[in-house]
file data21.tsv (TSV, C-alpha atoms)
chain	number	residue	atom	x	y	z
Y	1	ALA	CA	0.00	0.00	0.00
Y	2	ALA	CA	1.13	3.57	-0.64
Y	3	GLY	CA	3.09	5.06	2.23
Y	4	ARG	CA	3.69	1.70	3.87
Y	5	PRO	CA	7.37	1.11	4.75
Y	6	SER	CA	9.16	-1.67	2.98
Y	7	ARG	CA	10.31	-4.78	4.84
Y	8	ARG	CA	13.90	-3.76	4.03
Y	9	ILE	CA	13.52	-0.52	6.00
Y	10	HIS	CA	12.22	-2.30	9.08
Y	11	GLY	CA	14.95	-4.92	8.60
Y	12	ILE	CA	17.67	-2.29	9.08
Y	13	THR	CA	20.55	-3.39	11.31
Y	14	VAL	CA	21.78	-1.63	14.41
Y	15	ALA	CA	24.93	-0.54	12.56
Y	16	GLU	CA	22.92	0.90	9.66
Y	17	LEU	CA	20.60	2.69	12.06
Y	18	ALA	CA	23.53	4.25	13.93
Y	19	GLU	CA	25.10	5.42	10.67
Y	20	ALA	CA	21.82	6.97	9.45
Y	21	PHE	CA	21.48	8.80	12.77
Y	22	ARG	CA	25.05	10.08	12.55
Y	23	GLU	CA	24.55	11.42	9.02
Y	24	ARG	CA	21.21	13.11	9.67
Y	25	GLU	CA	21.24	14.21	13.29
Y	26	TYR	CA	24.76	15.05	14.50
Y	27	GLY	CA	24.58	18.55	13.01
Y	28	ARG	CA	22.10	19.67	15.65
Y	29	PHE	CA	24.29	18.64	18.59
Y	30	GLY	CA	27.01	20.56	20.33
Y	31	VAL	CA	30.55	19.20	20.12
Y	32	GLN	CA	30.37	17.47	23.51
Y	33	GLU	CA	27.06	15.72	22.85
Y	34	ALA	CA	28.13	14.64	19.34
Y	35	ASN	CA	31.30	13.15	20.80
Y	36	TYR	CA	29.30	11.34	23.50
Y	37	PHE	CA	26.93	9.90	20.90
Y	38	SER	CA	29.91	8.77	18.81
Y	39	LEU	CA	31.39	6.87	21.75
Y	40	VAL	CA	28.09	5.27	22.76
Y	41	LEU	CA	27.04	4.29	19.25
Y	42	GLY	CA	30.53	3.00	18.52
Y	43	ARG	CA	30.21	0.68	21.50
Y	44	LEU	CA	26.69	-0.30	20.46
Y	45	VAL	CA	27.78	-1.18	16.91
Y	46	ALA	CA	30.74	-3.19	18.21
Y	47	PHE	CA	28.39	-5.07	20.53
Y	48	ALA	CA	25.35	-5.63	18.28
Y	49	GLY	CA	26.00	-4.02	14.89
Y	50	ASP	CA	24.80	-6.96	12.81
Y	51	LEU	CA	21.59	-7.45	14.80
Y	52	PRO	CA	18.36	-6.24	13.16
Y	53	ALA	CA	17.47	-3.02	14.97
Y	54	ARG	CA	13.96	-4.25	15.75
Y	55	GLU	CA	15.46	-7.20	17.66
Y	56	PHE	CA	17.54	-5.05	20.01
Y	57	GLY	CA	15.19	-5.27	22.99
Y	58	PRO	CA	15.32	-5.44	26.80
Y	59	SER	CA	17.53	-8.54	26.96
Y	60	SER	CA	20.00	-7.00	24.49
Y	61	MET	CA	20.02	-3.74	26.43
Y	62	ARG	CA	20.68	-5.57	29.72
Y	63	ALA	CA	23.54	-7.49	28.11
Y	64	PHE	CA	24.96	-4.25	26.68
Y	65	GLN	CA	24.83	-2.61	30.11
Y	66	ALA	CA	26.55	-5.62	31.67
Y	67	ASP	CA	29.25	-5.43	29.00
Y	68	MET	CA	29.95	-1.77	29.79
Y	69	ALA	CA	30.01	-2.53	33.52
Y	70	ALA	CA	32.53	-5.34	32.89
Y	71	GLN	CA	34.74	-2.77	31.16
Y	72	GLY	CA	34.73	-0.66	34.32
Y	73	LYS	CA	32.28	2.02	33.20
Y	74	ALA	CA	30.56	4.01	35.95
Y	75	ARG	CA	26.83	3.74	36.50
Y	76	SER	CA	26.36	7.34	35.42
Y	77	TYR	CA	28.10	6.59	32.11
Y	78	ILE	CA	25.94	3.49	31.58
Y	79	ARG	CA	22.73	5.39	32.34
Y	80	GLY	CA	23.80	8.11	29.92
Y	81	ALA	CA	24.47	5.51	27.23
Y	82	VAL	CA	21.00	4.01	27.74
Y	83	ARG	CA	19.38	7.44	27.42
Y	84	ARG	CA	21.14	8.06	24.14
Y	85	ILE	CA	20.20	4.68	22.70
Y	86	ARG	CA	16.59	5.43	23.55
Y	87	SER	CA	16.98	8.80	21.80
Y	88	LEU	CA	18.36	6.95	18.77
Y	89	TYR	CA	15.28	4.71	18.68
Y	90	ARG	CA	12.89	7.60	19.29
Y	91	TRP	CA	14.35	9.32	16.23
Y	92	ALA	CA	14.22	6.05	14.24
Y	93	VAL	CA	10.51	5.68	15.00
Y	94	ALA	CA	9.87	9.28	13.95
Y	95	VAL	CA	11.49	8.72	10.54
Y	96	ASP	CA	9.92	5.25	10.14
Y	97	LEU	CA	13.14	3.24	10.29
Y	98	VAL	CA	11.90	1.01	13.08
Y	99	GLU	CA	8.45	0.18	14.38
Y	100	PRO	CA	7.17	1.92	17.56
Y	101	ALA	CA	7.12	-1.41	19.42
Y	102	ALA	CA	10.95	-1.46	19.40
Y	103	LEU	CA	11.08	1.85	21.27
Y	104	THR	CA	8.38	0.74	23.70
Y	105	ARG	CA	10.39	-2.35	24.62
Y	106	LEU	CA	13.58	-0.34	25.20
Y	107	CYS	CA	11.79	2.23	27.36
Y	108	ALA	CA	10.51	-0.62	29.53
Y	109	THR	CA	14.07	-1.69	30.34
Y	110	ARG	CA	15.06	-0.70	33.86
Y	111	PRO	CA	18.41	1.10	34.27
Y	112	SER	CA	21.21	-1.20	35.34
Y	113	GLN	CA	22.63	-0.96	38.86
Y	114	GLU	CA	25.87	-2.48	37.62
Y	115	GLY	CA	29.00	-0.46	37.10
Y	116	SER	CA	31.24	1.42	39.49
Y	117	PRO	CA	29.53	4.13	41.54
Y	118	GLY	CA	31.97	6.79	40.37
Y	119	ARG	CA	33.32	9.60	42.50
Y	120	PRO	CA	31.04	12.63	42.84
Y	121	ARG	CA	32.72	15.98	42.42
Y	122	PRO	CA	32.49	18.33	45.39
Y	123	THR	CA	30.28	21.42	45.45
Y	124	PRO	CA	32.67	24.39	45.71
Y	125	SER	CA	32.16	27.26	48.13
Y	126	LEU	CA	31.75	30.79	46.80
Y	127	GLU	CA	35.24	31.64	48.00
Y	128	GLU	CA	36.72	28.65	46.15
Y	129	VAL	CA	34.93	29.60	42.93
Y	130	GLU	CA	36.18	33.17	43.16
Y	131	THR	CA	39.73	31.97	43.79
Y	132	VAL	CA	39.64	29.68	40.74
Y	133	LEU	CA	38.13	32.40	38.51
Y	134	GLU	CA	40.99	34.72	39.49
Y	135	VAL	CA	43.66	32.31	38.24
Y	136	LEU	CA	41.81	31.19	35.10
Y	137	PRO	CA	43.04	32.68	31.81
Y	138	GLU	CA	40.69	35.48	30.77
Y	139	GLY	CA	39.08	33.57	27.90
Y	140	TRP	CA	37.96	30.78	30.23
Y	141	ARG	CA	36.39	32.85	33.01
Y	142	ALA	CA	33.11	33.61	31.25
Y	143	PRO	CA	32.18	30.03	30.24
Y	144	VAL	CA	33.11	28.64	33.66
Y	145	GLU	CA	31.09	31.29	35.50
Y	146	ILE	CA	28.13	30.91	33.13
Y	147	GLN	CA	28.13	27.14	33.64
Y	148	LEU	CA	28.28	27.42	37.42
Y	149	ARG	CA	25.63	30.15	37.66
Y	150	GLY	CA	23.29	28.21	35.38
Y	151	GLY	CA	23.86	24.88	37.11
Y	152	MET	CA	24.66	23.36	33.70
Y	153	ARG	CA	26.40	20.21	32.67
Y	154	ILE	CA	29.32	20.73	30.30
Y	155	GLY	CA	27.31	19.22	27.43
Y	156	GLU	CA	24.55	21.77	27.97
Y	157	LEU	CA	27.06	24.63	27.95
Y	158	LEU	CA	28.69	23.42	24.73
Y	159	GLN	CA	25.44	23.15	22.76
Y	160	MET	CA	24.41	26.74	23.56
Y	161	ARG	CA	23.22	28.72	20.52
Y	162	PRO	CA	21.43	32.10	20.38
Y	163	ARG	CA	18.28	30.51	18.94
Y	164	LEU	CA	17.98	28.34	22.06
Y	165	ILE	CA	17.96	31.36	24.39
Y	166	GLN	CA	14.81	33.34	25.08
Y	167	ILE	CA	16.27	36.83	25.34
Y	168	GLU	CA	13.48	38.90	26.83
Y	169	GLY	CA	12.54	40.11	30.28
Y	170	LYS	CA	14.83	40.37	33.29
Y	171	ILE	CA	15.66	36.66	33.22
Y	172	TRP	CA	16.75	34.91	30.02
Y	173	ILE	CA	15.79	31.26	29.53
Y	174	TYR	CA	18.13	28.80	27.83
Y	175	ARG	CA	16.54	25.58	26.59
Y	176	PRO	CA	19.16	23.00	25.50
Y	177	THR	CA	17.89	20.48	22.97
Y	178	SER	CA	19.70	17.57	24.59
Y	179	HIS	CA	19.91	16.91	28.32
Y	180	LYS	CA	19.59	14.05	30.82
Y	181	SER	CA	15.75	14.05	30.72
Y	182	THR	CA	15.36	14.40	26.94
Y	183	HIS	CA	14.31	10.75	26.62
Y	184	CYS	CA	11.39	11.45	28.98
Y	185	GLY	CA	10.12	14.25	26.76
Y	186	ARG	CA	10.88	16.89	29.41
Y	187	GLU	CA	12.02	20.42	28.59
Y	188	ARG	CA	15.02	21.82	30.42
Y	189	ASN	CA	14.82	25.53	31.33
Y	190	ILE	CA	18.07	27.12	32.49
Y	191	LEU	CA	17.63	30.58	33.97
Y	192	LEU	CA	20.24	33.21	33.13
Y	193	GLY	CA	20.27	36.23	35.43
Y	194	PRO	CA	21.84	39.68	34.93
Y	195	ARG	CA	25.42	38.54	35.60
Y	196	SER	CA	25.19	35.63	33.16
Y	197	GLN	CA	23.58	37.94	30.59
Y	198	ALA	CA	26.42	40.44	30.93
Y	199	LEU	CA	28.95	37.65	30.36
Y	200	LEU	CA	27.04	36.21	27.40
Y	201	ARG	CA	26.16	39.34	25.43
Y	202	PRO	CA	29.60	39.95	23.88
Y	203	LEU	CA	29.94	36.24	23.08
Y	204	LEU	CA	26.66	35.70	21.22
Y	205	PRO	CA	27.25	35.17	17.46
Y	206	LYS	CA	25.05	37.06	14.99
Y	207	ASP	CA	24.08	33.78	13.35
Y	208	GLU	CA	21.48	32.36	15.72
Y	209	GLY	CA	22.34	28.81	14.70
Y	210	ARG	CA	26.04	29.02	15.54
Y	211	LEU	CA	27.53	27.69	18.74
Y	212	VAL	CA	28.47	30.22	21.40
Y	213	PHE	CA	31.43	28.11	22.55
Y	214	THR	CA	33.55	26.10	20.13
Y	215	PHE	CA	36.07	24.47	22.44
Y	216	THR	CA	35.81	20.80	23.38
Y	217	ALA	CA	34.88	19.36	26.75
Y	218	ARG	CA	38.39	17.94	27.08
Y	219	THR	CA	40.00	21.35	26.59
Y	220	TYR	CA	37.56	22.97	28.98
Y	221	ASN	CA	38.10	20.35	31.67
Y	222	ARG	CA	41.87	20.63	31.31
Y	223	ALA	CA	41.77	24.43	31.74
Y	224	LEU	CA	39.50	24.16	34.79
Y	225	ALA	CA	41.57	21.37	36.37
Y	226	THR	CA	44.76	23.41	35.90
Y	227	ALA	CA	43.15	26.48	37.50
Y	228	CYS	CA	41.87	24.43	40.46
Y	229	ALA	CA	45.36	23.01	41.00
Y	230	ARG	CA	46.91	26.49	40.90
Y	231	ALA	CA	44.32	27.77	43.34
Y	232	GLY	CA	44.76	24.82	45.69
Y	233	VAL	CA	41.08	23.90	45.31
Y	234	GLU	CA	39.74	20.36	44.80
Y	235	ARG	CA	38.53	19.90	41.19
Y	236	PHE	CA	34.82	20.65	40.86
call {"tool": "encode", "arguments": {"input": "data21.tsv", "output": "structure tokens"}}
result
Amino acid sequence: AAGRPSRRIHGITVAELAEAFREREYGRFGVQEANYFSLVLGRLVAFAGDLPAREFGPSSMRAFQADMAAQGKARSYIRGAVRRIRSLYRWAVAVDLVEPAALTRLCATRPSQEGSPGRPRPTPSLEEVETVLEVLPEGWRAPVEIQLRGGMRIGELLQMRPRLIQIEGKIWIYRPTSHKSTHCGRERNILLGPRSQALLRPLLPKDEGRLVFTFTARTYNRALATACARAGVERF
């Protein structure tokens, strides 16, 4: 019948699905999120690339989580990987590459409790933040302060574009397109007060689709770790 997907489309493999997602969707991500997806999907393809995508269900997901745990990955990393695989399947359903039932099965999979617990980073005091900002090179002070004031994850900071910021009123609202609750359909609203606005204004590109920050998470983390060491403050 007209408009009905072919059996070949719904017979797409996990590797083919990951490649289609990479080609069509990576352009809307920030550098950090694109890199994270690349790592997760690379692992997924290595683990189950030849499997028909519709057959990657709860048992496959549990086995994939166990495989990551066996490689020493932290629970937070594993949970993040699961969220991104669900995002992959949500997109695949939207473009008719897999049937909705495949997504339903994956969303029913409970997060694994396997994996190392990881070491939480400390919450810095105001004095510690100010000390670190003083020793940071000038070009790094604004992004670090904006991230801390907005309570953002590094991936949220790195995907910031003018078109994602509601610039009106006394408080601006930044709505990242990808965050930890994206798979639940929730919107993330990050409030940017006067100080954050003052830091952001000179950095906003005229093209509303361009990234505000073009450095990588690795470079950012290295600069912040160096500043914390110089300031005698535990890395936050």
call {"tool": "residues_near_point", "arguments": {"input": "data21.tsv", "point": "(40.4, 24.9, 36.7)", "cutoff": "9 Å", "atoms": "all atoms listed in the file", "output": "list in words"}}
result
Val132, Leu133, Val135, Leu136, Val144, Tyr220, Asn221, Arg222, Ala223, Leu224, Ala225, Thr226, Ala227, Cys228, Ala229, Arg230, Ala231, Val233, Arg235 and Phe236 of chain Y
call {"tool": "residues_around", "arguments": {"input": "data21.tsv", "residues": "Met152 in chain Y", "least_positions_apart": "4", "cutoff": "12 Å", "atoms": "only C-alpha atoms", "output": "list in words"}}
result
Pro143, Val144, Glu145, Ile146, Gln147, Leu148, Glu156, Leu157, Leu158, Gln159, Met160, Tyr174, Arg175, Pro176, Ser178, His179, Lys180, Arg188, Asn189, Ile190, Leu191 and Leu192 of chain Y
call {"tool": "residues_near_point", "arguments": {"input": "data21.tsv", "point": "(25.1, -8.1, 27.1)", "cutoff": "10 Å", "atoms": "all atoms listed in the file", "output": "list in words"}}
result
Phe47, Ala48, Ser59, Ser60, Met61, Arg62, Ala63, Phe64, Gln65, Ala66, Asp67, Met68, Ala69 and Ala70 of chain Y
call {"tool": "closest_residue", "arguments": {"input": "data21.tsv", "among": "Y:Val45, Y:Leu103, Y:Ala81, Y:Leu200", "to": "Arg161 in chain Y", "atoms": "all atoms listed in the file"}}
result
Y:Leu200
call {"tool": "closest_residue", "arguments": {"input": "data21.tsv", "among": "Y:Arg83, Y:Thr104, Y:Ala15, Y:Glu208", "to": "Tyr36 in chain Y", "atoms": "all atoms listed in the file"}}
result
Y:Arg83
call {"tool": "closest_residue", "arguments": {"input": "data21.tsv", "among": "Y:Leu44, Y:Ala53, Y:Ala198, Y:Leu39", "to": "Val93 in chain Y", "atoms": "only C-alpha atoms"}}
result
Y:Ala53
call {"tool": "build_atoms", "arguments": {"input": "data21.tsv", "residues": "range 58-82 of chain Y", "atoms": "N, CA, C and O atoms", "output": "compact mmCIF listing (two decimals), keeping the file's coordinate frame"}}
result
# COMPACT_ATOMS: atom_id res chain seq x y z
N PRO Y 58 14.90 -5.49 25.39
CA PRO Y 58 15.32 -5.44 26.80
C PRO Y 58 16.48 -6.38 27.13
O PRO Y 58 17.40 -5.99 27.84
N SER Y 59 16.44 -7.61 26.63
CA SER Y 59 17.53 -8.54 26.96
C SER Y 59 18.85 -8.07 26.35
O SER Y 59 19.92 -8.18 26.98
N SER Y 60 18.79 -7.54 25.13
CA SER Y 60 20.00 -7.00 24.49
C SER Y 60 20.52 -5.79 25.26
O SER Y 60 21.74 -5.65 25.46
N MET Y 61 19.61 -4.93 25.69
CA MET Y 61 20.02 -3.74 26.43
C MET Y 61 20.67 -4.13 27.77
O MET Y 61 21.68 -3.56 28.17
N ARG Y 62 20.08 -5.12 28.45
CA ARG Y 62 20.68 -5.57 29.72
C ARG Y 62 22.07 -6.15 29.50
O ARG Y 62 23.00 -5.91 30.28
N ALA Y 63 22.23 -6.91 28.42
CA ALA Y 63 23.54 -7.49 28.11
C ALA Y 63 24.55 -6.40 27.76
O ALA Y 63 25.72 -6.47 28.14
N PHE Y 64 24.09 -5.37 27.05
CA PHE Y 64 24.96 -4.25 26.68
C PHE Y 64 25.41 -3.49 27.94
O PHE Y 64 26.58 -3.12 28.07
N GLN Y 65 24.48 -3.28 28.86
CA GLN Y 65 24.83 -2.61 30.11
C GLN Y 65 25.84 -3.44 30.91
O GLN Y 65 26.81 -2.90 31.47
N ALA Y 66 25.62 -4.73 30.95
CA ALA Y 66 26.55 -5.62 31.67
C ALA Y 66 27.93 -5.59 31.04
O ALA Y 66 28.95 -5.63 31.73
N ASP Y 67 27.98 -5.49 29.70
CA ASP Y 67 29.25 -5.43 29.00
C ASP Y 67 30.00 -4.16 29.36
O ASP Y 67 31.22 -4.19 29.59
N MET Y 68 29.30 -3.03 29.42
CA MET Y 68 29.95 -1.77 29.79
C MET Y 68 30.43 -1.82 31.24
O MET Y 68 31.52 -1.33 31.57
N ALA Y 69 29.61 -2.42 32.12
CA ALA Y 69 30.01 -2.53 33.52
C ALA Y 69 31.27 -3.39 33.65
O ALA Y 69 32.16 -3.08 34.45
N ALA Y 70 31.36 -4.46 32.86
CA ALA Y 70 32.53 -5.34 32.89
C ALA Y 70 33.79 -4.62 32.43
O ALA Y 70 34.90 -5.00 32.81
N GLN Y 71 33.60 -3.57 31.63
CA GLN Y 71 34.74 -2.77 31.16
C GLN Y 71 35.09 -1.64 32.13
O GLN Y 71 35.94 -0.81 31.84
N GLY Y 72 34.41 -1.63 33.29
CA GLY Y 72 34.73 -0.66 34.32
C GLY Y 72 34.03 0.68 34.21
O GLY Y 72 34.41 1.64 34.89
N LYS Y 73 33.00 0.76 33.36
CA LYS Y 73 32.28 2.02 33.20
C LYS Y 73 31.42 2.31 34.43
O LYS Y 73 30.84 1.42 35.02
N ALA Y 74 31.35 3.60 34.80
CA ALA Y 74 30.56 4.01 35.95
C ALA Y 74 29.07 3.92 35.64
O ALA Y 74 28.66 3.96 34.47
N ARG Y 75 28.27 3.82 36.69
CA ARG Y 75 26.83 3.74 36.50
C ARG Y 75 26.29 4.96 35.76
O ARG Y 75 25.40 4.85 34.94
N SER Y 76 26.83 6.13 36.08
CA SER Y 76 26.36 7.34 35.42
C SER Y 76 26.62 7.29 33.92
O SER Y 76 25.79 7.73 33.11
N TYR Y 77 27.78 6.74 33.53
CA TYR Y 77 28.10 6.59 32.11
C TYR Y 77 27.12 5.62 31.45
O TYR Y 77 26.60 5.87 30.35
N ILE Y 78 26.84 4.50 32.14
CA ILE Y 78 25.94 3.49 31.58
C ILE Y 78 24.54 4.05 31.42
O ILE Y 78 23.88 3.85 30.40
N ARG Y 79 24.07 4.77 32.44
CA ARG Y 79 22.73 5.39 32.34
C ARG Y 79 22.68 6.39 31.19
O ARG Y 79 21.69 6.47 30.46
N GLY Y 80 23.76 7.16 31.03
CA GLY Y 80 23.80 8.11 29.92
C GLY Y 80 23.78 7.41 28.57
O GLY Y 80 23.14 7.88 27.62
N ALA Y 81 24.46 6.28 28.47
CA ALA Y 81 24.47 5.51 27.23
C ALA Y 81 23.07 5.00 26.92
O ALA Y 81 22.62 5.04 25.77
N VAL Y 82 22.37 4.51 27.94
CA VAL Y 82 21.00 4.01 27.74
C VAL Y 82 20.09 5.13 27.25
O VAL Y 82 19.27 4.93 26.34
